[in-house]
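*Asks:* Below is the file data.cif, which contains mmCIF, C-alpha atoms.
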data_protein
#
loop_
_atom_site.label_atom_id
_atom_site.label_comp_id
_atom_site.auth_asym_id
_atom_site.auth_seq_id
_atom_site.Cartn_x
_atom_site.Cartn_y
_atom_site.Cartn_z
CA MET A 1 40.77 -54.80 2.40
CA PHE A 2 38.05 -57.00 3.87
CA SER A 3 38.64 -59.66 6.53
CA LEU A 4 36.13 -62.32 7.52
CA VAL A 5 36.54 -64.32 10.74
CA ILE A 6 34.85 -67.73 10.96
CA PRO A 7 35.36 -70.01 14.01
CA ILE A 8 35.23 -73.73 13.25
CA PHE A 9 34.74 -76.64 15.63
CA ASN A 10 34.13 -80.09 14.15
CA GLU A 11 32.37 -78.92 10.98
CA GLU A 12 33.98 -81.33 8.49
CA LYS A 13 30.65 -81.95 6.73
CA LEU A 14 30.14 -78.24 6.02
CA ILE A 15 33.62 -76.94 5.20
CA ASP A 16 33.49 -77.34 1.41
CA GLU A 17 30.09 -75.69 0.95
CA LEU A 18 30.95 -73.02 3.52
CA VAL A 19 34.11 -72.04 1.63
CA ILE A 20 32.46 -72.05 -1.80
CA ARG A 21 29.47 -69.95 -0.76
CA THR A 22 31.58 -67.57 1.32
CA ILE A 23 34.24 -66.92 -1.33
CA THR A 24 31.59 -66.50 -4.05
CA SER A 25 29.76 -63.94 -1.92
CA ILE A 26 32.90 -61.97 -0.99
CA GLU A 27 34.23 -61.82 -4.55
CA SER A 28 30.91 -60.36 -5.70
CA PHE A 29 31.69 -57.08 -3.90
CA ILE A 30 35.47 -56.94 -3.30
CA THR A 31 38.67 -58.50 -4.64
CA ASP A 32 41.10 -57.66 -1.85
CA TYR A 33 40.13 -59.88 1.07
CA GLU A 34 41.16 -62.55 3.53
CA VAL A 35 39.10 -65.27 5.21
CA ILE A 36 40.47 -66.41 8.56
CA PHE A 37 39.14 -69.77 9.68
CA VAL A 38 39.81 -70.23 13.40
CA ASP A 39 40.11 -73.92 14.21
CA ASP A 40 38.89 -74.08 17.80
CA GLY A 41 40.48 -77.41 18.69
CA SER A 42 38.54 -79.57 16.21
CA THR A 43 38.90 -83.34 16.68
CA ASP A 44 37.62 -84.36 13.24
CA SER A 45 39.09 -83.59 9.80
CA SER A 46 37.99 -79.91 9.83
CA LEU A 47 41.56 -78.60 10.10
CA GLN A 48 42.79 -80.79 7.24
CA LYS A 49 39.94 -79.64 5.01
CA MET A 50 40.62 -75.99 5.80
CA LEU A 51 44.32 -76.47 5.06
CA SER A 52 43.51 -78.04 1.70
CA TRP A 53 41.51 -74.93 0.78
CA HIS A 54 44.34 -72.78 2.13
CA ALA A 55 46.70 -74.52 -0.31
CA LYS A 56 44.35 -73.71 -3.21
CA ASN A 57 43.62 -70.09 -2.27
CA ASN A 58 46.22 -67.98 -0.47
CA LYS A 59 43.49 -65.58 0.67
CA ILE A 60 42.17 -68.33 2.93
CA LYS A 61 44.09 -68.39 6.20
CA VAL A 62 43.81 -70.83 9.08
CA LEU A 63 44.41 -69.95 12.71
CA SER A 64 44.78 -73.18 14.67
CA LEU A 65 44.24 -72.88 18.43
CA SER A 66 45.96 -75.23 20.87
CA LYS A 67 42.62 -76.60 22.16
CA ASN A 68 38.92 -75.75 22.31
CA PHE A 69 38.69 -72.36 24.03
CA GLY A 70 35.09 -71.64 23.10
CA HIS A 71 33.16 -69.65 20.55
CA GLN A 72 33.81 -66.16 21.90
CA ALA A 73 37.54 -66.78 22.42
CA ALA A 74 37.86 -68.11 18.86
CA PHE A 75 36.20 -64.98 17.45
CA THR A 76 38.51 -62.82 19.58
CA ALA A 77 41.56 -64.64 18.24
CA GLY A 78 40.47 -64.09 14.64
CA LEU A 79 39.75 -60.41 15.27
CA GLU A 80 43.23 -59.93 16.74
CA TYR A 81 44.93 -61.61 13.77
CA CYS A 82 42.94 -60.04 10.92
CA ILE A 83 44.30 -56.98 9.09
CA GLY A 84 41.36 -55.73 7.02
CA ASP A 85 39.96 -52.21 6.96
CA PHE A 86 36.54 -53.85 7.20
CA VAL A 87 36.06 -56.95 9.36
CA GLY A 88 33.22 -59.44 9.34
CA MET A 89 32.21 -62.08 11.89
CA MET A 90 30.22 -65.13 10.84
CA ASP A 91 29.41 -68.51 12.37
CA GLY A 92 30.70 -71.56 10.55
CA ASP A 93 27.46 -73.58 10.45
CA LEU A 94 25.91 -71.73 7.46
CA GLN A 95 22.96 -70.58 9.53
CA ASP A 96 24.27 -67.09 8.90
CA PRO A 97 23.95 -66.75 5.09
CA PRO A 98 27.24 -65.53 3.54
CA GLU A 99 25.22 -63.94 0.72
CA LEU A 100 24.29 -61.10 3.12
CA LEU A 101 27.90 -59.95 3.45
CA GLY A 102 27.49 -57.81 0.33
CA ASP A 103 24.51 -56.00 1.87
CA MET A 104 26.51 -55.35 5.04
CA TYR A 105 29.46 -54.04 3.03
CA ARG A 106 27.22 -51.63 1.11
CA LYS A 107 25.70 -50.32 4.34
CA ILE A 108 29.19 -49.56 5.66
CA THR A 109 30.67 -48.10 2.48
CA VAL A 110 27.61 -46.35 1.00
CA GLU A 111 25.44 -45.53 4.03
CA GLU A 112 28.55 -44.94 6.18
CA PHE A 113 27.67 -47.15 9.15
CA ASP A 114 30.53 -48.18 11.42
CA VAL A 115 28.96 -51.42 12.61
CA VAL A 116 26.36 -53.51 10.79
CA SER A 117 24.80 -56.47 12.58
CA GLY A 118 22.59 -59.23 11.26
CA LYS A 119 19.18 -59.05 12.93
CA ARG A 120 17.14 -62.25 12.84
CA THR A 121 13.47 -61.76 11.98
CA GLY A 122 12.69 -65.47 12.04
CA ARG A 123 14.16 -68.95 11.93
CA LYS A 124 13.69 -71.74 9.45
CA GLY A 125 12.82 -75.14 10.85
CA LYS A 126 11.64 -75.94 14.33
CA ASN A 127 14.03 -76.52 17.19
CA SER A 128 13.71 -76.27 20.97
CA ARG A 129 16.97 -74.30 20.95
CA ASP A 130 15.20 -71.54 19.03
CA LEU A 131 12.75 -71.12 21.90
CA TYR A 132 15.63 -70.63 24.33
CA ALA A 133 17.14 -68.01 22.02
CA VAL A 134 13.83 -66.14 21.74
CA LEU A 135 13.37 -66.18 25.53
CA PHE A 136 16.93 -64.94 26.07
CA HIS A 137 16.58 -61.99 23.71
CA LEU A 138 13.16 -61.15 25.16
CA LEU A 139 14.49 -61.14 28.73
CA PHE A 140 17.69 -59.32 27.80
CA LYS A 141 15.69 -56.63 26.02
CA TYR A 142 14.00 -55.62 29.29
CA MET A 143 16.66 -56.56 31.85
CA GLY A 144 19.92 -55.75 30.07
CA GLU A 145 21.57 -52.35 30.00
CA ILE A 146 22.54 -52.73 26.33
CA LYS A 147 19.70 -51.70 24.04
CA ASP A 148 19.10 -52.16 20.31
CA MET A 149 20.72 -55.59 20.10
CA GLU A 150 17.55 -57.70 20.13
CA ASN A 151 17.87 -60.82 17.96
CA SER A 152 21.43 -59.93 16.98
CA GLY A 153 24.19 -62.51 17.29
CA ASN A 154 27.79 -62.72 16.12
CA PHE A 155 26.99 -62.18 12.41
CA SER A 156 28.24 -58.65 11.70
CA MET A 157 30.67 -56.36 9.91
CA MET A 158 32.71 -53.49 11.36
CA LYS A 159 35.10 -50.78 10.32
CA ARG A 160 38.66 -51.04 11.65
CA GLU A 161 38.01 -48.24 14.17
CA ALA A 162 35.17 -50.25 15.72
CA VAL A 163 37.31 -53.41 15.81
CA ILE A 164 40.07 -51.53 17.64
CA ALA A 165 37.53 -50.28 20.18
CA LEU A 166 36.09 -53.78 20.61
CA LEU A 167 39.51 -55.36 21.15
CA SER A 168 40.50 -52.66 23.66
CA MET A 169 38.10 -54.29 26.15
CA LYS A 170 40.19 -57.06 27.68
CA GLU A 171 37.74 -58.87 29.96
CA LYS A 172 38.08 -62.65 29.92
CA VAL A 173 34.36 -63.42 30.23
CA ARG A 174 33.23 -62.10 26.86
CA TYR A 175 29.88 -61.69 25.15
CA LEU A 176 30.84 -60.15 21.82
CA PRO A 177 27.35 -59.08 20.60
CA GLY A 178 26.98 -57.05 23.79
CA LEU A 179 30.50 -55.59 23.57
CA ARG A 180 29.94 -54.74 19.91
CA THR A 181 26.83 -52.76 20.82
CA PHE A 182 28.45 -51.21 23.90
CA ILE A 183 31.24 -49.51 21.92
CA GLY A 184 28.73 -47.25 20.19
CA PHE A 185 29.66 -45.76 16.80
CA LYS A 186 27.02 -45.58 14.07
CA GLN A 187 25.24 -48.93 14.11
CA GLY A 188 22.98 -50.41 11.47
CA TYR A 189 21.24 -53.72 10.79
CA VAL A 190 20.55 -56.14 7.99
CA GLU A 191 17.46 -58.25 8.61
CA PHE A 192 17.37 -61.91 7.63
CA VAL A 193 15.68 -65.22 8.40
CA ARG A 194 18.18 -67.52 10.06
CA ASP A 195 18.68 -70.76 8.14
CA ASP A 196 18.34 -74.19 9.68
CA ARG A 197 21.56 -76.16 10.11
CA LEU A 198 22.39 -77.84 6.80
CA LYS A 199 24.48 -80.76 8.05
CA GLY A 200 25.82 -82.10 11.31
CA ASN A 201 24.78 -81.41 14.88
CA PRO A 202 24.89 -78.08 16.74
CA LYS A 203 28.19 -77.57 18.54
CA MET A 204 26.71 -75.20 21.13
CA SER A 205 24.98 -77.48 23.63
CA ILE A 206 22.11 -76.27 25.79
CA ARG A 207 24.56 -76.04 28.70
CA LYS A 208 26.96 -73.85 26.68
CA LEU A 209 24.07 -71.66 25.51
CA PHE A 210 22.94 -71.23 29.12
CA ILE A 211 26.50 -70.27 30.18
CA LEU A 212 26.71 -67.75 27.32
CA ALA A 213 23.34 -66.28 28.34
CA ALA A 214 24.56 -66.02 31.94
CA ASP A 215 27.72 -64.25 30.77
CA ALA A 216 25.55 -61.74 28.92
CA PHE A 217 23.30 -61.06 31.90
CA PHE A 218 26.09 -60.78 34.47
CA SER A 219 28.20 -58.60 32.17
CA PHE A 220 25.53 -56.21 30.91
CA SER A 221 22.78 -56.18 33.52
CA ARG A 222 22.37 -55.21 37.16
CA PHE A 223 19.21 -57.29 37.34
CA PRO A 224 20.75 -60.26 39.25
CA ILE A 225 21.86 -57.98 42.08
CA ARG A 226 18.59 -56.05 41.93
CA PHE A 227 16.74 -59.37 42.07
CA CYS A 228 18.51 -60.12 45.37
CA TRP A 229 17.51 -56.74 46.72
CA ILE A 230 13.89 -57.08 45.56
CA LEU A 231 13.50 -60.62 46.85
CA GLY A 232 15.16 -59.74 50.17
CA THR A 233 12.93 -56.68 50.62
CA LEU A 234 9.83 -58.67 49.70
CA GLY A 235 10.78 -61.44 52.12
CA ALA A 236 11.39 -58.94 54.92
CA PHE A 237 8.00 -57.31 54.27
CA VAL A 238 6.15 -60.63 54.24
CA PHE A 239 7.70 -61.76 57.50
CA MET A 240 7.14 -58.38 59.12
CA CYS A 241 3.46 -58.79 58.30
CA ALA A 242 3.59 -62.36 59.57
CA GLY A 243 5.21 -61.18 62.79
CA ILE A 244 2.46 -58.61 63.34
CA TYR A 245 -0.14 -61.32 62.74
CA VAL A 246 1.53 -63.66 65.26
CA LEU A 247 1.58 -60.94 67.93
CA ILE A 248 -2.08 -60.16 67.37
CA ALA A 249 -2.96 -63.87 67.39
CA LYS A 250 -1.09 -64.38 70.66
CA ALA A 251 -2.73 -61.35 72.23
CA TYR A 252 -6.26 -62.46 71.32
CA GLY A 253 -5.67 -66.15 71.95
CA PHE A 254 -6.43 -67.59 68.51
CA ALA A 255 -2.87 -68.57 67.60
CA VAL A 256 -2.66 -72.11 66.21
CA PRO A 257 0.01 -74.12 68.05
CA GLY A 258 2.54 -76.10 66.02
CA TRP A 259 5.96 -76.03 64.43
CA SER A 260 5.07 -76.22 60.70
CA SER A 261 4.91 -72.45 60.19
CA THR A 262 8.25 -72.00 61.95
CA LEU A 263 9.89 -74.70 59.82
CA LEU A 264 8.41 -73.23 56.65
CA SER A 265 9.80 -69.81 57.56
CA ILE A 266 13.28 -71.24 58.13
CA TYR A 267 13.21 -73.04 54.79
CA PHE A 268 12.00 -69.91 53.00
CA LEU A 269 14.68 -67.68 54.48
CA GLY A 270 17.33 -70.33 53.87
CA SER A 271 16.32 -70.57 50.21
CA ILE A 272 16.59 -66.79 49.79
CA GLN A 273 20.06 -66.85 51.32
CA LEU A 274 21.16 -69.65 48.99
CA ILE A 275 19.88 -67.69 45.99
CA PHE A 276 21.80 -64.64 47.17
CA MET A 277 24.96 -66.68 47.70
CA GLY A 278 24.64 -68.21 44.22
CA ILE A 279 24.23 -64.85 42.51
CA ILE A 280 27.01 -63.20 44.48
CA GLY A 281 29.15 -66.27 43.78
CA GLU A 282 28.72 -65.70 40.04
CA TYR A 283 30.10 -62.18 40.40
CA VAL A 284 32.95 -63.39 42.61
CA TYR A 285 33.83 -66.11 40.07
CA ARG A 286 33.90 -63.60 37.21
CA SER A 287 36.04 -61.21 39.26
CA TYR A 288 38.38 -64.10 40.04
CA LYS A 289 38.65 -65.00 36.34
CA GLU A 290 39.55 -61.40 35.52
CA SER A 291 42.15 -61.22 38.30
CA GLN A 292 43.87 -64.38 36.99
CA ASN A 293 44.55 -62.48 33.75
CA ARG A 294 45.06 -65.66 31.76
CA PRO A 295 45.10 -65.37 27.95
CA SER A 296 41.75 -66.15 26.33
CA TYR A 297 43.43 -68.51 23.87
CA PHE A 298 46.74 -69.99 22.72
CA VAL A 299 47.69 -70.32 19.06
CA ARG A 300 49.24 -73.55 17.85
CA LYS A 301 49.98 -72.24 14.35
CA PHE A 302 48.84 -69.53 11.96
CA TYR A 303 48.73 -70.68 8.35
CA ASP A 304 49.22 -67.52 6.30
CA ALA A 305 50.59 -67.86 2.75
CA ASP A 306 52.05 -64.32 2.82
CA LYS A 307 54.13 -65.14 5.89
CA GLU A 308 55.08 -68.58 4.62
CA LYS A 309 56.80 -67.17 1.52
#
So, in terms of structure tokens, how does the structure I just supplied come out?

*Replies:*
Amino acid sequence: MFSLVIPIFNEEKLIDELVIRTITSIESFITDYEVIFVDDGSTDSSLQKMLSWHAKNNKIKVLSLSKNFGHQAAFTAGLEYCIGDFVGMMDGDLQDPPELLGDMYRKITVEEFDVVSGKRTGRKGKNSRDLYAVLFHLLFKYMGEIKDMENSGNFSMMKREAVIALLSMKEKVRYLPGLRTFIGFKQGYVEFVRDDRLKGNPKMSIRKLFILAADAFFSFSRFPIRFCWILGTLGAFVFMCAGIYVLIAKAYGFAVPGWSSTLLSIYFLGSIQLIFMGIIGEYVYRSYKESQNRPSYFVRKFYDADKEK
């Protein structure tokens, strides 16, 4: 059986085409399947549209969350509720083409990969958000401790064993592409050019994208802490040299009187300390979130025709 998890947040303009293209693609390679749409607290008619498709096709299931918990939490909810031997993850904005699901399925069943991720080789259209994505993947490639996930997002397919391993990691601050790579197993890729958004506006704002990028860096990289160490060491070296210069200048009588250099030094050291406090604060905040041990999501209702009978 194949399960596909698709989180939805205010995508009423795309639901019909998303369902038609997705179901057509899935039925081209398998007949036993389920599609779990995770309604992440939509405020438009997305839920009603999904329920109308659920009434027409009992293989379409709807997991309605109690509010908007975020993209990664919605994916996690769908993964925990799905029952397939093979499980796919796909965004609900049609930028991930459903037609590639067949290629992923063949890589798992024929080439015996455990995890197959969609790797973006380009993007259609021009958008400033694309530049941020390119910069993130470029920086993460060299600073992150998870390799071989460049230009890979949520679009993927996994065997049940990989899903179990992924769900066994219970941290609350989640970056699923990184966790999916971290678990290991035999990993493969399907390359594609990411489509431009067909209708509607992006639901991931620049602020949310920045937070997601920060979650990735703080979860899978020691660079922030190393940056503190490097900057602190560099600052100490610079001011040691400056101190030697001041002593020599005083000894030979060519020191320039004034307070500007002293004030500049205080500001510089104060800025370094604030940077350190900010970075350490990010780690403290994430540790605090983990210690709270709150659920990542709450389910309002699961619409499953099999359980409704």

*Asks:* Return as JSON, numbers by chain the set of residues that the PyMOL selection byres ((chain A and resi 186) around 10) yields on the displayed structure.

*Replies:* {"A": [108, 112, 113, 114, 115, 116, 162, 181, 183, 184, 185, 187, 188]}

*Asks:* So which residues get picked by the PyMOL selection byres ((chain A and resi 70) around 10) here, written as a list in words?

*Replies:*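 On this input, the PyMOL selection byres ((chain A and resi 70) around 10) captures Pro7, Phe9, Asp40, Gly41, Lys67, Asn68, Phe69, His71, Gln72, Ala73, Ala74, Phe75, Met204, Lys208, Ser296 and Tyr297 of chain A.
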
*Asks:* Quick one, how far is CA of Val193 in chain A from CA of Ala77 in chain A?

*Replies:*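 CA of Ala77 in chain A lies 27.7 Å from CA of Val193 in chain A.
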
*Asks:* Find, counting all atoms listed in the file, the residue in A:Ile280, A:Ile36, A:Val110, A:Ile272 that gets nearest to Met89 in chain A.

*Replies:*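 Counting all atoms listed in the file, the residue closest to Met89 in chain A is A:Ile36.
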
*Asks:* For Ser64 in chain A, which residue among A:Met158, A:Ile279, A:Val38, A:Leu166 is the nearest when counting all atoms listed in the file?

*Replies:*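 Residue with the minimum atom-to-atom distance to Ser64 in chain A: A:Val38.
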
*Asks:* Evaluating the PyMOL selection byres ((chain A and resi 57) around 12) on the displayed file yields which residues, as a list in words?

*Replies:*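 That expression, the PyMOL selection byres ((chain A and resi 57) around 12), corresponds here to Val19, Ile20, Ile23, Tyr33, Glu34, Val35, Ile36, Met50, Leu51, Ser52, Trp53, His54, Ala55, Lys56, Asn58, Lys59, Ile60, Lys61, Val62, Tyr303, Asp304, Ala305 and Asp306 of chain A.
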
*Asks:* How would the residues just chosen look if you wrote them out with C-alpha atoms as a short mmCIF file (atom, residue, chain, number, x, y, z; two decimals), in the coordinates of the input?

*Replies:*
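This went into part-v3.cif:
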data_model
loop_
_atom_site.label_atom_id
_atom_site.label_comp_id
_atom_site.auth_asym_id
_atom_site.auth_seq_id
_atom_site.Cartn_x
_atom_site.Cartn_y
_atom_site.Cartn_z
CA VAL A 19 34.11 -72.04 1.63
CA ILE A 20 32.46 -72.05 -1.80
CA ILE A 23 34.24 -66.92 -1.33
CA TYR A 33 40.13 -59.88 1.07
CA GLU A 34 41.16 -62.55 3.53
CA VAL A 35 39.10 -65.27 5.21
CA ILE A 36 40.47 -66.41 8.56
CA MET A 50 40.62 -75.99 5.80
CA LEU A 51 44.32 -76.47 5.06
CA SER A 52 43.51 -78.04 1.70
CA TRP A 53 41.51 -74.93 0.78
CA HIS A 54 44.34 -72.78 2.13
CA ALA A 55 46.70 -74.52 -0.31
CA LYS A 56 44.35 -73.71 -3.21
CA ASN A 58 46.22 -67.98 -0.47
CA LYS A 59 43.49 -65.58 0.67
CA ILE A 60 42.17 -68.33 2.93
CA LYS A 61 44.09 -68.39 6.20
CA VAL A 62 43.81 -70.83 9.08
CA TYR A 303 48.73 -70.68 8.35
CA ASP A 304 49.22 -67.52 6.30
CA ALA A 305 50.59 -67.86 2.75
CA ASP A 306 52.05 -64.32 2.82
#

*Asks:* For each of A:Glu27, A:Glu191, A:Asp32, A:Asp39, take the minimum atom-to-atom distance to Gly78 in chain A, counting only C-alpha atoms, then give the residue where this is smallest.

*Replies:* A:Asp39

*Asks:* Provide the CA of Leu63 in chain A to CA of Phe192 in chain A distance in Å, to one decimal place.

*Replies:* 28.7 Å

*Asks:* So which one's closest to Phe29 in chain A, A:Leu176, A:Leu100, A:Leu94, A:Val5? Using only C-alpha atoms, please.

*Replies:* A:Leu100

*Asks:* Given the choices A:Glu111, A:Asp85, A:Asp91, A:Asp96, which gets closest to Val163 in chain A if the distance is worked out from all atoms listed in the file?

*Replies:*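 The closest residue to Val163 in chain A is A:Asp85.
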